[in-house]
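Undergrad: Quick one: the structure is below, questions incoming.
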Amino acid sequence: MGTEKQEVQPRWQRGGNRRWHLALVLSLMVMLLFQCWDLSSKAISSLVPPTTENHHNFDLYKHLGHLSPFFVPPNTPWSLQSGTPPSCTVTKAFLIHRHGSRHPHQEELDIIQDLSYYINNNSALFSNPQAQLPDAWYFLTEGWNSSLGTDDLTAPGRQQLFDHGVALRLEYPDLYTETDVLAGDEDRVVESARWFMDGYYGRDSNSTATLKILGEDDDTVSWITPHQTCPKWNSSFGDESVSKWLDAYLPPIARRVNAVLADAYPDANFTAAHVHAMLFACAYGTSAYGVGSSPWCEVFLPEEIMKNEYEYDLRMRGFSGYGLPGNMGPVLGGLLVSNVTDFLQRDEGPKLSFGFGHDKTISLGITALGLASDKSYPSAGPVDPDRAWRAAKQTPFAAYMFWQRLECGKEKRVQLIVNGANFDLGPTGCKSDEYGSCTSKDFLNTASVQAARNSIYGDDRWESACQT
């Protein structure tokens, strides 16, 4: 009779499987610990506003101020719910749209070209580095030229407006309206309106809706460009604050750039003015040719981009926001607020109103309502990372305000969407809900809306703000 073969257990199963049981228990405890940590982390992060970004997830294209390509920002404030309140229907809407991405203004192009001249006048220096160049700077060995134009809408700008027209038609099919489309008399604004119309109405847009051009001059009173008929307004408003900030933030960047390039280019001397041009070249190269197209965007640190962003914020706030003298901002922006509220209150007529203008158009409207206001905005810093006035969020290229009238059973409400995100109307003085909307009655009775609706061009309030 043969002996019965015994099965040999693996080492980790011996001893009554005790070690295996212990390993299993420990594994389960570790998994549970990580799950609890993940849940607690998510809970904590939901209570902390996304104010600052680390280097790893920093998106510089969302920090180029009013020169940023269009993007959908977080809600304002970030804690708002997105969308419309439950059981509410959008029955009317008023659209104010900025033109799309453009080429630089002439004075900006001059700054950029000075940088190009410096590089190309020193081609022998830059084409022959004396040491290994950092990767981000290697493009200098082949020289660099600006191919930018002035003022005109760019290819990304055309796409932005066409896409927005398509998106509006798809998202609000019940609001479809064949109506007049208003545009300020500036080539890039008119072209933006036409591309939007092609996206919204299709290839027969010219026969479907009528594009009406409003003059941008001293004689045409318009909510799109109210500053044009305000003799006291000047595009140089804000220059003093910007100049102080330029003196504070550009020289340290120039010193860092020269230090980084010292081994490869010991004779190079990039000035603060050159650095300013590099930052413009980043923004406008992106505007003209798309995200990722400009080599200049990669040479800056995130904190340097954010300091540059503050320059743009100071400029926009200075000439179309709270930096304007006296009561000028609310007075000029009041024309927009008055037109919006009049349209939303009417039950008859078209369901949609379309208007195309500039970054100033939107900024002045925000100012008139007391939105995005800060207690202080120091021109020499320090920069508040949690400041309310952020041009990149409010007025990037192709920015828009979309005012909605909501029917919520027997109640009517007003809601503001800025660049696809909810924008709380509570700071106007009305009681807002978790979606940022207010009852129409409450909103219309706020002091800022009342002031806008009760004043007109040429009255005492206007004369006080605008006469020199």
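Ligands are numbered from 1 in the order shown, residues from 1 within each chain, and chains are lettered A, B, ... in the order they appear in the structure tokens.
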If we count only C-alpha atoms, what is near stretch 326-341 of chain A at a cut-off of 6 Å, once residues fewer than 3 positions away on the same chain are taken out, given as number ranges by chain?

TA: A: 223, 226, 321, 344, 364-365, 367-368, 452-453, 465

Undergrad: List the spatial neighbours of A:Thr468 as JSON, numbers by chain - criterion: any atom at most 12 Å away, only C-alpha atoms, same-chain residues fewer than 6 positions off excluded.

TA: {"A": [230, 231, 232, 233, 234, 325, 328, 462]}

Undergrad: Just asking: which residues within stretch 48-266 of chain A are strand (DSSP E) according to DSSP, as a list in words?

TA: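 Of stretch 48-266 of chain A, the ones in strand (DSSP E) are Thr89, Val90, Thr91, Lys92, Ala93, Phe94, Leu95, Ile96, His97, Arg98, Val181, Leu182, Ala183, Gly184, Leu211, Lys212, Ile213 and Leu214 of chain A.
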
Undergrad: I'd like the neighbourhood of A:Leu148 as JSON, numbers by chain, where a residue qualifies if any of its atoms comes within 9 Å (using only C-alpha atoms), though same-chain residues fewer than 5 positions away should be ignored.

TA: {"A": [103, 104, 109, 284, 285, 288]}

Undergrad: Tell me which protein, DNA and RNA residues are within 9 Å of A:Arg194, counting only C-alpha atoms, leaving out same-chain ones fewer than 5 positions away, and put them as a tab-separated table (two decimals) with N, CA and C atoms, in the first residue's frame.

TA:
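Writing the result to result13.tsv gives the following:
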chain	number	residue	atom	x	y	z
A	161	LEU	N	-16.29	83.85	-31.92
A	161	LEU	CA	-17.64	84.40	-32.12
A	161	LEU	C	-18.55	83.42	-32.84
A	162	PHE	N	-18.04	82.74	-33.85
A	162	PHE	CA	-18.86	81.74	-34.54
A	162	PHE	C	-19.28	80.65	-33.57
A	189	VAL	N	-15.47	94.88	-34.26
A	189	VAL	CA	-16.77	94.66	-33.60
A	189	VAL	C	-17.80	94.22	-34.63
A	199	GLY	N	-22.89	81.87	-36.97
A	199	GLY	CA	-22.99	80.72	-36.09
A	199	GLY	C	-24.40	80.50	-35.58
A	205	SER	N	-27.55	84.28	-42.71
A	205	SER	CA	-27.76	85.21	-41.59
A	205	SER	C	-28.07	86.63	-42.06
A	206	ASN	N	-27.47	87.06	-43.16
A	206	ASN	CA	-27.70	88.43	-43.63
A	206	ASN	C	-29.14	88.67	-44.06
A	211	LEU	N	-28.23	93.60	-39.35
A	211	LEU	CA	-27.14	94.14	-38.55
A	211	LEU	C	-27.19	95.65	-38.62

Undergrad: Which residue gives the smallest distance to A:Arg317 among A:Ala391, A:Ile305, A:Leu153, A:Val418, with only C-alpha atoms counted?

TA: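 Distance minimum relative to A:Arg317 lands on A:Ala391.
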
Undergrad: Have a look at A:Ser127, A:Thr286, A:Ser243, A:Gln345 and name the one nearest to A:Gly157; count only C-alpha atoms.

TA: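 Comparing A:Ser127, A:Thr286, A:Ser243, A:Gln345 against A:Gly157, the winner is A:Thr286.
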